[in-house]
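Trainee: Dropping a structure here in structure tokens format, bear with me for questions.
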Amino acid sequence: MAGRLGGKVAIITGAGSGMGAATAELFYREGAKLVLADISGEQEKLAKRLGDNAIAVHTDVSKEADVQAMVETAVATFGKLDVLYNNAGIDGQLALTGEYTTDAWNQVIAVNLTGPFLGMRYGIPAMLQSGGGSIISTASMAAHVAFPKMPAYCASKGGVVMLTRNAAVEYAAQGIRVNAILPGVIDTGMSKSLPDDLIQGVKKATPQARIADASEIASVALFLASDESSFITGQAIVVDGGYTSV
């Protein structure tokens with residue numbers, strides 16, 4: 001059995017941990033050939049554990065040359081690109097807008113918003129060469145609701161949603177689908193770095209009364225990467241246990 005991604009080549013950024021690593025393991029089980037991109041070095045360990053159809057690349061998604069090389073490596077190694085999952089992201093400084101530093105702002109925007117743009121900038125031409133594909137970007141429920149002391153994070157994730165919608169309209173007729181996943185708080189290293197009162201407040205305000213496991217986001221990414229979502233594009237899919245519905 002080929003699996004739901006049999007024959008597909010996928011790039012996953014932020015693949016060394018959290019949602020990226022969970023998605024990589026799921027995609028691999030479903031038959032994808034993988035390019036695992038990260039700056040942590042953990043992507044090397046994951047690629048070795050997965051096997052021959054997974055390679056690791058050191059990629060800073062805020063640097064154009066790194067992203068271009070990442071896409072070129074995928075095509076040179078596996079012959080094409082079918083799926084791009086722009087997942088890498090950071091939370092950044094915690095400070096009120098009137099106290100937020102410009103350096104911290106620029107860093108968050110560079111990784112969280114310019115990173116997905118660069119992925120699309122180089123991923124789209126590669127997908128056009130092979131007749132289409134699926135682009136997925138990790139945004140956040142923070143694209144829809146405010147989180148005090150996280151102005152750059154909220155702004156960057158709102159930008160990802162509109163970048164997604166714009167690219168989806170531009171390339172729909174050429175067989176490229178572009179969607180975003182908007183997770184709530186997920187049990188990852190990033191969430192563990194946030195203040196506990198913030199995490200507990202989110203749990204209390206979430207109808208399901210919990211935070212999510214990274215595998216629950218990976219399952220949504222798998223659906224969007226597969227042909228099962230062939231008529232879905234330009235969507236911002238919220239996966240938050242009902243938080244934004246209250």
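By convention in this document, the chains of the structure tokens carry letters A, B, ... by their order, each chain's residues are numbered from 1, and ligands are numbered from 1 in the order they are shown.
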Would you kindly return, as a list in words, each protein, DNA or RNA residue with an atom no farther than 12 Å from any atom of Met190 in chain A, considering only C-alpha atoms and excluding same-chain residues fewer than 6 positions away?
Mentor: Gly14, Ser17, Gly18, Met19, Ala88, Gly89, Ile90, Asp91, Gly92, Ile199 and Ala214 of chain A
Trainee: With N, CA and C atoms retained, could you export that selection as an mmCIF file, in the first residue's frame?
Mentor:
```cif
data_model
loop_
_atom_site.group_PDB
_atom_site.id
_atom_site.type_symbol
_atom_site.label_atom_id
_atom_site.label_comp_id
_atom_site.auth_asym_id
_atom_site.auth_seq_id
_atom_site.Cartn_x
_atom_site.Cartn_y
_atom_site.Cartn_z
ATOM 1 N N GLY A 14 11.001 23.768 9.987
ATOM 2 C CA GLY A 14 10.803 23.572 11.420
ATOM 3 C C GLY A 14 10.595 22.108 11.742
ATOM 4 N N SER A 17 11.465 19.517 15.484
ATOM 5 C CA SER A 17 10.758 19.327 16.744
ATOM 6 C C SER A 17 9.291 19.682 16.583
ATOM 7 N N GLY A 18 8.516 19.426 17.623
ATOM 8 C CA GLY A 18 7.140 19.872 17.689
ATOM 9 C C GLY A 18 6.272 19.413 16.539
ATOM 10 N N MET A 19 5.467 20.334 16.016
ATOM 11 C CA MET A 19 4.545 20.006 14.930
ATOM 12 C C MET A 19 5.280 19.562 13.676
ATOM 13 N N ALA A 88 8.015 26.454 10.153
ATOM 14 C CA ALA A 88 8.950 27.072 11.099
ATOM 15 C C ALA A 88 8.386 28.377 11.646
ATOM 16 N N GLY A 89 8.566 28.569 12.953
ATOM 17 C CA GLY A 89 8.073 29.804 13.558
ATOM 18 C C GLY A 89 8.647 30.007 14.946
ATOM 19 N N ILE A 90 8.559 31.253 15.421
ATOM 20 C CA ILE A 90 9.010 31.600 16.765
ATOM 21 C C ILE A 90 7.938 32.466 17.422
ATOM 22 N N ASP A 91 7.935 32.474 18.770
ATOM 23 C CA ASP A 91 6.977 33.332 19.467
ATOM 24 C C ASP A 91 7.533 34.727 19.710
ATOM 25 N N GLY A 92 8.828 34.839 19.968
ATOM 26 C CA GLY A 92 9.448 36.151 20.122
ATOM 27 C C GLY A 92 9.314 36.739 21.510
ATOM 28 N N ILE A 199 -0.978 29.755 29.498
ATOM 29 C CA ILE A 199 -1.408 28.411 29.086
ATOM 30 C C ILE A 199 -2.668 27.999 29.845
ATOM 31 N N ALA A 214 0.791 17.667 19.199
ATOM 32 C CA ALA A 214 1.328 18.002 17.876
ATOM 33 C C ALA A 214 0.788 17.080 16.788
#
```
Trainee: Can you check which parts of range 87-174 of chain A lie within 12 Å of range 215-238 of chain A? Per residue, the shortest pair of atoms and distance in Å to one decimal, counting only C-alpha atoms, sorted by chain and number, as a Markdown table.
Mentor:
```
| residue | atom | partner | partner_atom | distance |
| --- | --- | --- | --- | --- |
| A:Asn87 | CA | A:Ala221 | CA | 10.1 |
| A:Gly132 | CA | A:Ser230 | CA | 11.1 |
| A:Gly133 | CA | A:Ala225 | CA | 8.2 |
| A:Ser134 | CA | A:Ala225 | CA | 5.7 |
| A:Ile135 | CA | A:Ala225 | CA | 7.5 |
| A:Ile136 | CA | A:Ala221 | CA | 7.1 |
| A:Ser137 | CA | A:Ala221 | CA | 9.1 |
| A:Thr138 | CA | A:Ala221 | CA | 9.3 |
| A:Ala139 | CA | A:Ala236 | CA | 8.2 |
| A:Ser140 | CA | A:Val238 | CA | 7.7 |
| A:Met141 | CA | A:Val238 | CA | 6.5 |
| A:Ala142 | CA | A:Val238 | CA | 10.2 |
| A:Ala143 | CA | A:Ala236 | CA | 9.5 |
| A:His144 | CA | A:Val238 | CA | 9.5 |
| A:Val145 | CA | A:Val238 | CA | 11.6 |
| A:Lys157 | CA | A:Ala236 | CA | 10.8 |
| A:Gly158 | CA | A:Ala236 | CA | 10.2 |
| A:Gly159 | CA | A:Ala236 | CA | 11.6 |
| A:Val160 | CA | A:Ala236 | CA | 9.4 |
| A:Val161 | CA | A:Ala236 | CA | 6.3 |
| A:Met162 | CA | A:Gly234 | CA | 8.9 |
| A:Leu163 | CA | A:Gly234 | CA | 9.3 |
| A:Thr164 | CA | A:Gly234 | CA | 6.0 |
| A:Arg165 | CA | A:Gly234 | CA | 4.4 |
| A:Asn166 | CA | A:Gly234 | CA | 7.5 |
| A:Ala167 | CA | A:Gly234 | CA | 7.7 |
| A:Ala168 | CA | A:Gly234 | CA | 4.9 |
| A:Val169 | CA | A:Gly234 | CA | 7.0 |
| A:Glu170 | CA | A:Gly234 | CA | 10.0 |
| A:Tyr171 | CA | A:Thr233 | CA | 9.8 |
| A:Ala172 | CA | A:Thr233 | CA | 7.5 |
| A:Ala173 | CA | A:Thr233 | CA | 11.0 |
```
Trainee: With N, CA and C atoms retained, write the just-selected residues as a JSON list (two decimals), in the first residue's frame.
Mentor:
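Heads up, here's the output in again_36.json:
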```json
[["chain", "number", "residue", "atom", "x", "y", "z"],
["A", 87, "ASN", "N", 6.30, 25.59, 8.14],
["A", 87, "ASN", "CA", 5.91, 25.39, 9.53],
["A", 87, "ASN", "C", 6.80, 26.12, 10.53],
["A", 132, "GLY", "N", 1.83, 21.25, -10.44],
["A", 132, "GLY", "CA", 1.00, 21.66, -9.31],
["A", 132, "GLY", "C", 1.50, 21.10, -7.99],
["A", 133, "GLY", "N", 0.74, 21.37, -6.94],
["A", 133, "GLY", "CA", 1.13, 20.89, -5.63],
["A", 133, "GLY", "C", 0.29, 21.52, -4.54],
["A", 134, "SER", "N", 0.71, 21.29, -3.31],
["A", 134, "SER", "CA", 0.00, 21.81, -2.14],
["A", 134, "SER", "C", 0.98, 22.55, -1.24],
["A", 135, "ILE", "N", 0.64, 23.79, -0.92],
["A", 135, "ILE", "CA", 1.42, 24.59, 0.02],
["A", 135, "ILE", "C", 0.58, 24.76, 1.29],
["A", 136, "ILE", "N", 1.20, 24.48, 2.41],
["A", 136, "ILE", "CA", 0.55, 24.61, 3.72],
["A", 136, "ILE", "C", 1.43, 25.51, 4.57],
["A", 137, "SER", "N", 0.84, 26.45, 5.28],
["A", 137, "SER", "CA", 1.60, 27.30, 6.18],
["A", 137, "SER", "C", 0.99, 27.26, 7.57],
["A", 138, "THR", "N", 1.83, 27.24, 8.57],
["A", 138, "THR", "CA", 1.35, 27.31, 9.94],
["A", 138, "THR", "C", 1.14, 28.76, 10.32],
["A", 139, "ALA", "N", -0.12, 29.14, 10.53],
["A", 139, "ALA", "CA", -0.43, 30.44, 11.10],
["A", 139, "ALA", "C", -0.73, 30.22, 12.59],
["A", 140, "SER", "N", -1.84, 30.71, 13.08],
["A", 140, "SER", "CA", -2.19, 30.54, 14.49],
["A", 140, "SER", "C", -3.58, 31.10, 14.71],
["A", 141, "MET", "N", -4.25, 30.63, 15.76],
["A", 141, "MET", "CA", -5.50, 31.29, 16.12],
["A", 141, "MET", "C", -5.25, 32.75, 16.51],
["A", 142, "ALA", "N", -3.98, 33.08, 16.77],
["A", 142, "ALA", "CA", -3.60, 34.47, 17.04],
["A", 142, "ALA", "C", -3.74, 35.36, 15.82],
["A", 143, "ALA", "N", -4.02, 34.78, 14.66],
["A", 143, "ALA", "CA", -4.37, 35.58, 13.48],
["A", 143, "ALA", "C", -5.76, 36.17, 13.61],
["A", 144, "HIS", "N", -6.59, 35.59, 14.49],
["A", 144, "HIS", "CA", -7.99, 36.00, 14.64],
["A", 144, "HIS", "C", -8.30, 36.66, 15.97],
["A", 145, "VAL", "N", -7.54, 36.33, 17.01],
["A", 145, "VAL", "CA", -7.81, 36.89, 18.34],
["A", 145, "VAL", "C", -6.51, 37.44, 18.92],
["A", 157, "LYS", "N", 1.19, 36.21, 12.08],
["A", 157, "LYS", "CA", 0.27, 35.12, 11.76],
["A", 157, "LYS", "C", -0.94, 35.63, 10.98],
["A", 158, "GLY", "N", -1.38, 36.84, 11.25],
["A", 158, "GLY", "CA", -2.42, 37.43, 10.41],
["A", 158, "GLY", "C", -1.93, 37.63, 9.00],
["A", 159, "GLY", "N", -0.67, 38.03, 8.86],
["A", 159, "GLY", "CA", -0.08, 38.18, 7.53],
["A", 159, "GLY", "C", 0.01, 36.88, 6.77],
["A", 160, "VAL", "N", 0.31, 35.78, 7.48],
["A", 160, "VAL", "CA", 0.37, 34.46, 6.82],
["A", 160, "VAL", "C", -0.99, 34.10, 6.21],
["A", 161, "VAL", "N", -2.07, 34.41, 6.92],
["A", 161, "VAL", "CA", -3.40, 34.09, 6.41],
["A", 161, "VAL", "C", -3.67, 34.84, 5.10],
["A", 162, "MET", "N", -3.35, 36.11, 5.05],
["A", 162, "MET", "CA", -3.62, 36.87, 3.82],
["A", 162, "MET", "C", -2.65, 36.51, 2.70],
["A", 163, "LEU", "N", -1.40, 36.19, 3.03],
["A", 163, "LEU", "CA", -0.47, 35.69, 2.03],
["A", 163, "LEU", "C", -0.99, 34.40, 1.42],
["A", 164, "THR", "N", -1.53, 33.54, 2.27],
["A", 164, "THR", "CA", -2.11, 32.27, 1.82],
["A", 164, "THR", "C", -3.25, 32.50, 0.86],
["A", 165, "ARG", "N", -4.18, 33.36, 1.21],
["A", 165, "ARG", "CA", -5.35, 33.60, 0.37],
["A", 165, "ARG", "C", -4.94, 34.21, -0.96],
["A", 166, "ASN", "N", -4.00, 35.12, -0.92],
["A", 166, "ASN", "CA", -3.58, 35.78, -2.16],
["A", 166, "ASN", "C", -2.92, 34.80, -3.12],
["A", 167, "ALA", "N", -1.98, 34.00, -2.60],
["A", 167, "ALA", "CA", -1.30, 33.02, -3.45],
["A", 167, "ALA", "C", -2.27, 31.97, -3.97],
["A", 168, "ALA", "N", -3.24, 31.60, -3.14],
["A", 168, "ALA", "CA", -4.23, 30.60, -3.57],
["A", 168, "ALA", "C", -5.00, 31.07, -4.79],
["A", 169, "VAL", "N", -5.40, 32.33, -4.78],
["A", 169, "VAL", "CA", -6.15, 32.88, -5.92],
["A", 169, "VAL", "C", -5.25, 32.98, -7.15],
["A", 170, "GLU", "N", -4.01, 33.38, -6.95],
["A", 170, "GLU", "CA", -3.09, 33.55, -8.07],
["A", 170, "GLU", "C", -2.81, 32.25, -8.82],
["A", 171, "TYR", "N", -2.72, 31.13, -8.08],
["A", 171, "TYR", "CA", -2.23, 29.89, -8.70],
["A", 171, "TYR", "C", -3.25, 28.76, -8.74],
["A", 172, "ALA", "N", -4.49, 29.03, -8.39],
["A", 172, "ALA", "CA", -5.50, 27.97, -8.38],
["A", 172, "ALA", "C", -5.66, 27.30, -9.74],
["A", 173, "ALA", "N", -5.67, 28.10, -10.80],
["A", 173, "ALA", "CA", -5.88, 27.55, -12.14],
["A", 173, "ALA", "C", -4.69, 26.76, -12.63]]
```
Trainee: Pick out the residues sitting within 7 Å of range 32-48 of chain A, and hand them over as a list in words; count only C-alpha atoms, and ignore anything fewer than 3 positions along from it in its own chain.
Mentor: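 Using only C-alpha atoms, the neighbours found are Leu5, Gly6, Gly7, Lys8, Val9, Ala10, Ile11, Ile12, Thr13, Gly14, Ala15, Gly16, Phe27, Tyr28, Gly51, Asn53, Ala54, Ile55, Ala56, Val57, His58, Thr59, Asp60 and Ala74 of chain A.
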Trainee: Write out as a PyMOL selection string the set of residues from range 8-238 of chain A that DSSP, computed on the backbone, places in strand (DSSP E or B).
Mentor: chain A and resi 9-13+33-38+54-58+83-86+133-138+176-183+186+212+236-238
Trainee: So that I have them on file, write out the residues from the current selection with C-alpha atoms, as a tab-separated table (two decimals), in the first residue's frame.
Mentor:
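Output contents, as saved in selection.tsv:
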```tsv
chain	number	residue	atom	x	y	z
A	9	VAL	CA	7.94	14.87	-2.41
A	10	ALA	CA	7.48	17.19	0.58
A	11	ILE	CA	9.51	19.88	2.29
A	12	ILE	CA	8.79	20.56	5.96
A	13	THR	CA	10.37	23.56	7.68
A	33	LYS	CA	9.85	11.50	0.32
A	34	LEU	CA	10.97	14.23	2.69
A	35	VAL	CA	13.28	17.20	2.91
A	36	LEU	CA	13.50	18.13	6.59
A	37	ALA	CA	14.58	21.75	7.09
A	38	ASP	CA	15.56	23.34	10.40
A	54	ALA	CA	14.31	11.53	4.17
A	55	ILE	CA	17.14	14.05	3.97
A	56	ALA	CA	18.00	16.93	6.28
A	57	VAL	CA	19.01	20.45	5.30
A	58	HIS	CA	20.16	23.31	7.51
A	83	VAL	CA	4.19	19.62	-0.97
A	84	LEU	CA	5.66	22.56	0.91
A	85	TYR	CA	4.81	22.89	4.60
A	86	ASN	CA	5.94	26.30	5.87
A	133	GLY	CA	1.13	20.89	-5.63
A	134	SER	CA	0.00	21.81	-2.14
A	135	ILE	CA	1.42	24.59	0.02
A	136	ILE	CA	0.55	24.61	3.72
A	137	SER	CA	1.60	27.30	6.18
A	138	THR	CA	1.35	27.31	9.94
A	176	ILE	CA	-1.35	24.76	-6.82
A	177	ARG	CA	-3.43	24.78	-3.66
A	178	VAL	CA	-2.45	27.07	-0.78
A	179	ASN	CA	-3.91	26.73	2.71
A	180	ALA	CA	-3.04	27.67	6.27
A	181	ILE	CA	-3.48	25.81	9.55
A	182	LEU	CA	-4.32	27.98	12.57
A	183	PRO	CA	-3.49	25.95	15.68
A	186	ILE	CA	-0.08	22.97	21.18
A	212	ALA	CA	-3.59	19.91	21.60
A	236	ALA	CA	-7.47	29.26	7.05
A	237	ILE	CA	-8.36	26.12	9.00
A	238	VAL	CA	-8.62	26.74	12.73
```
Trainee: Any idea what's packed within 9 Å of Arg210 in chain A, counting only C-alpha atoms, ignoring anything in its chain fewer than 6 positions away? Could you give it as an mmCIF file with C-alpha atoms, in the first residue's frame?
Mentor:
```
data_model
loop_
_atom_site.group_PDB
_atom_site.id
_atom_site.type_symbol
_atom_site.label_atom_id
_atom_site.label_comp_id
_atom_site.auth_asym_id
_atom_site.auth_seq_id
_atom_site.Cartn_x
_atom_site.Cartn_y
_atom_site.Cartn_z
ATOM 1 C CA VAL A 185 -1.923 26.214 21.895
ATOM 2 C CA GLN A 200 -3.850 27.844 31.934
ATOM 3 C CA VAL A 202 -6.190 29.290 27.276
ATOM 4 C CA LYS A 203 -7.158 25.885 28.662
ATOM 5 C CA LYS A 204 -9.890 27.455 30.792
ATOM 6 C CA GLY A 241 -10.597 23.051 20.413
#
```
Trainee: CA of Asp196 in chain A and CA of Ala209 in chain A, how far apart in Å?
Mentor: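 Interatomic distance, CA of Ala209 in chain A to CA of Asp196 in chain A: 15.1 Å.
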Trainee: Could you give me, as a list of chain:residue names, the residues within 12 Å of Asn106 in chain A, counting only C-alpha atoms and dropping anything in the same chain fewer than 2 positions from it?
Mentor: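 Residues meeting the cut-off are A:Ser62, A:Ile90, A:Gly92, A:Gln93, A:Tyr100, A:Thr101, A:Thr102, A:Asp103, A:Ala104, A:Val108, A:Ile109, A:Ala110, A:Val111, A:Asn112, A:Leu113, A:Thr114, A:Pro151, A:Ala152, A:Tyr153, A:Ala155, A:Ser156.
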Trainee: Residues of the last selection are to be written out with C-alpha atoms, as a compact mmCIF listing (two decimals), in the first residue's frame.
Mentor:
```
# COMPACT_ATOMS: atom_id res chain seq x y z
CA SER A 62 14.44 34.11 7.03
CA ILE A 90 9.01 31.60 16.76
CA GLY A 92 9.45 36.15 20.12
CA GLN A 93 9.65 38.73 22.87
CA TYR A 100 8.29 46.09 22.06
CA THR A 101 11.77 46.41 20.57
CA THR A 102 12.26 46.92 16.87
CA ASP A 103 14.86 44.16 16.74
CA ALA A 104 12.42 41.67 18.28
CA VAL A 108 9.55 37.54 14.40
CA ILE A 109 8.35 38.98 11.10
CA ALA A 110 11.43 37.60 9.31
CA VAL A 111 10.86 34.03 10.49
CA ASN A 112 7.06 33.86 10.72
CA LEU A 113 6.01 35.89 7.68
CA THR A 114 8.98 36.40 5.38
CA PRO A 151 2.10 42.02 18.89
CA ALA A 152 4.68 40.74 16.40
CA TYR A 153 3.49 37.15 16.67
CA ALA A 155 0.67 40.42 13.25
CA SER A 156 2.91 37.84 11.56
```
Trainee: Which residues in range 37-194 of chain A does DSSP call helix (DSSP H, G or I)? List them as an NGL selection string.
Mentor: :A and (42-50 or 64-78 or 97-99 or 102-129 or 141-143 or 151-174 or 189-192)
